[in-house]
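One structure is given below, encoded as structure tokens.
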Amino acid sequence: MSTPNKDIEKVEVRVKWDPSPQGDPPNDLDIIAATYSTEEPFGSPAYLVHFDSRAPDGTITLDRDSRTGQGLGYDEVMTLELDRLSESYTRVIVGVAIQQRDGHKTFAAVENTAVQVREGYDTLAENDFSSVGGATAAVVAEFVRDTTGAWQFHDTVRGFDGDADSFAATMGNRPTGV
């Protein structure tokens with residue numbers, strides 16, 4: 001169905017952080033996107049996109065991946081082409097998880113974190129993870145297709161404590177109290 005309303009078409013989710021101090025295990029943050037079908041908009045994702053995978057149709061791609069946070073600007077960047085995503089998907093959740101290979105590490109233990117959600121030159125959301133400092137992962141964006149087929153953005157930051165696999169499996173669950 002076509003509509004004269006402008007909706008969200010193509011977005012970037014960008015994450016940056018400082019490297020760990022010399023001699024400490026590296027800070028490794030990863031962007032994870034989960035897609036949910038119209039038949040099952042909550043619960044288990046239809047598929048995940050992260051550092052070693054991609055969307056089957058190429059609509060969600062990880063354009064930049066960092067294992068250390070070294071570099072200038074944003075260390076990880078994921079592009080979501082929502083306008084090309086099949087109508088069989090109604091929800092996309094994007095999160096950030098800290099790899100836990102070398103022990104329990106939270107956002108509070110990683111210096112100068114930031115996440116930004118952009119559409120073209122417009123910033124839809126920015127956050128520094130301070131509200132979820134004790135978490136090891138966080139949902140940072142939710143995109144939902146409305147009844148007209150247009151994508152809507154919901155700015156959210158919800159923390160999670162656990163490993164990246166557990167987070168990826170549950171990040172699209174219905175938030176408590178909703």
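Note on naming: chains are A, B, ... as they come in the structure tokens, residues start from 1 per chain, ligands start from 1 in the order shown.
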Go through chain A and collect every residue that DSSP, computed from the backbone, puts in strand (DSSP E or B); the answer should be as a tab-separated table (two decimals) with C-alpha atoms, in the first residue's frame.
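Writing the result to selection12.tsv gives the following:
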```
chain	number	residue	atom	x	y	z
A	10	LYS	CA	17.32	3.64	5.45
A	11	VAL	CA	19.06	4.11	8.79
A	12	GLU	CA	22.50	3.70	10.28
A	13	VAL	CA	23.17	2.59	13.82
A	14	ARG	CA	26.64	3.63	14.93
A	15	VAL	CA	28.56	2.75	18.10
A	16	LYS	CA	31.82	4.09	19.46
A	29	LEU	CA	31.11	-4.07	21.58
A	30	ASP	CA	28.91	-5.56	18.87
A	31	ILE	CA	25.80	-4.28	17.10
A	32	ILE	CA	23.10	-6.94	16.72
A	33	ALA	CA	19.91	-6.59	14.67
A	34	ALA	CA	16.98	-8.97	15.03
A	35	THR	CA	14.04	-9.18	12.62
A	36	TYR	CA	10.59	-10.39	13.63
A	37	SER	CA	7.86	-11.71	11.38
A	47	TYR	CA	17.00	-14.00	11.82
A	48	LEU	CA	19.90	-12.09	13.37
A	49	VAL	CA	22.53	-9.88	11.79
A	60	ILE	CA	20.75	-5.25	6.89
A	61	THR	CA	24.53	-5.12	6.77
A	62	LEU	CA	27.34	-4.55	9.21
A	63	ASP	CA	29.52	-2.03	7.40
A	64	ARG	CA	32.21	-1.62	10.03
A	76	GLU	CA	30.90	-0.16	14.38
A	77	VAL	CA	28.26	0.83	11.83
A	78	MET	CA	25.22	-1.13	10.71
A	79	THR	CA	22.93	-0.09	7.85
A	80	LEU	CA	19.26	-1.09	7.80
A	81	GLU	CA	17.39	-0.65	4.52
A	89	TYR	CA	8.70	-8.62	8.67
A	90	THR	CA	7.02	-6.20	11.00
A	91	ARG	CA	9.65	-5.40	13.62
A	92	VAL	CA	13.41	-4.88	13.79
A	93	ILE	CA	15.20	-4.53	17.12
A	94	VAL	CA	18.78	-3.28	17.30
A	95	GLY	CA	20.99	-3.86	20.30
A	96	VAL	CA	24.58	-3.54	21.45
A	97	ALA	CA	26.32	-6.34	23.37
A	98	ILE	CA	29.69	-6.36	25.10
A	114	ALA	CA	28.03	6.28	22.47
A	115	VAL	CA	25.34	5.02	20.14
A	116	GLN	CA	23.72	7.06	17.41
A	117	VAL	CA	20.77	6.25	15.14
A	118	ARG	CA	20.72	8.29	11.94
A	119	GLU	CA	18.61	8.57	8.82
A	122	ASP	CA	19.12	13.50	10.62
A	123	THR	CA	19.98	12.11	14.04
A	124	LEU	CA	17.02	10.13	15.35
A	125	ALA	CA	18.62	9.24	18.70
A	126	GLU	CA	21.86	9.45	20.67
A	127	ASN	CA	22.79	7.78	23.93
A	137	ALA	CA	23.97	-5.40	26.56
A	138	ALA	CA	21.15	-3.03	25.64
A	139	VAL	CA	18.38	-2.63	23.11
A	140	VAL	CA	19.03	0.75	21.47
A	141	ALA	CA	16.38	1.04	18.75
A	142	GLU	CA	13.08	-0.46	17.70
A	143	PHE	CA	11.56	-0.12	14.24
A	144	VAL	CA	7.92	-1.18	13.79
A	145	ARG	CA	5.89	-1.32	10.59
A	151	TRP	CA	8.24	2.13	9.42
A	152	GLN	CA	8.16	3.98	12.73
A	153	PHE	CA	11.14	4.49	15.03
A	154	HIS	CA	10.90	4.02	18.80
A	155	ASP	CA	13.82	5.49	20.72
A	156	THR	CA	14.52	3.13	23.59
A	157	VAL	CA	17.41	1.99	25.73
A	158	ARG	CA	16.77	-1.17	27.75
A	159	GLY	CA	19.60	-2.89	29.58
A	160	PHE	CA	20.26	-6.62	29.82
```
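Across the structure, CA of Pro19 (chain A) and CA of Arg101 (chain A) are spaced 15.6 Å apart.
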Would you mind listing what lies within 12 Å of Asp24 (chain A) as a list in words, with only C-alpha atoms counted and same-chain residues fewer than 3 positions away left out?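 Selected residues are Pro19, Ser20, Pro21, Asn27, Asp28, Thr68, Asp102, Gly103, Lys105, Ala109 and Val110 of chain A.
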Nearest residue to Asp57 (chain A) out of A:Arg84, A:Pro175, A:Asp146, A:Tyr74, using only C-alpha atoms? A:Arg84
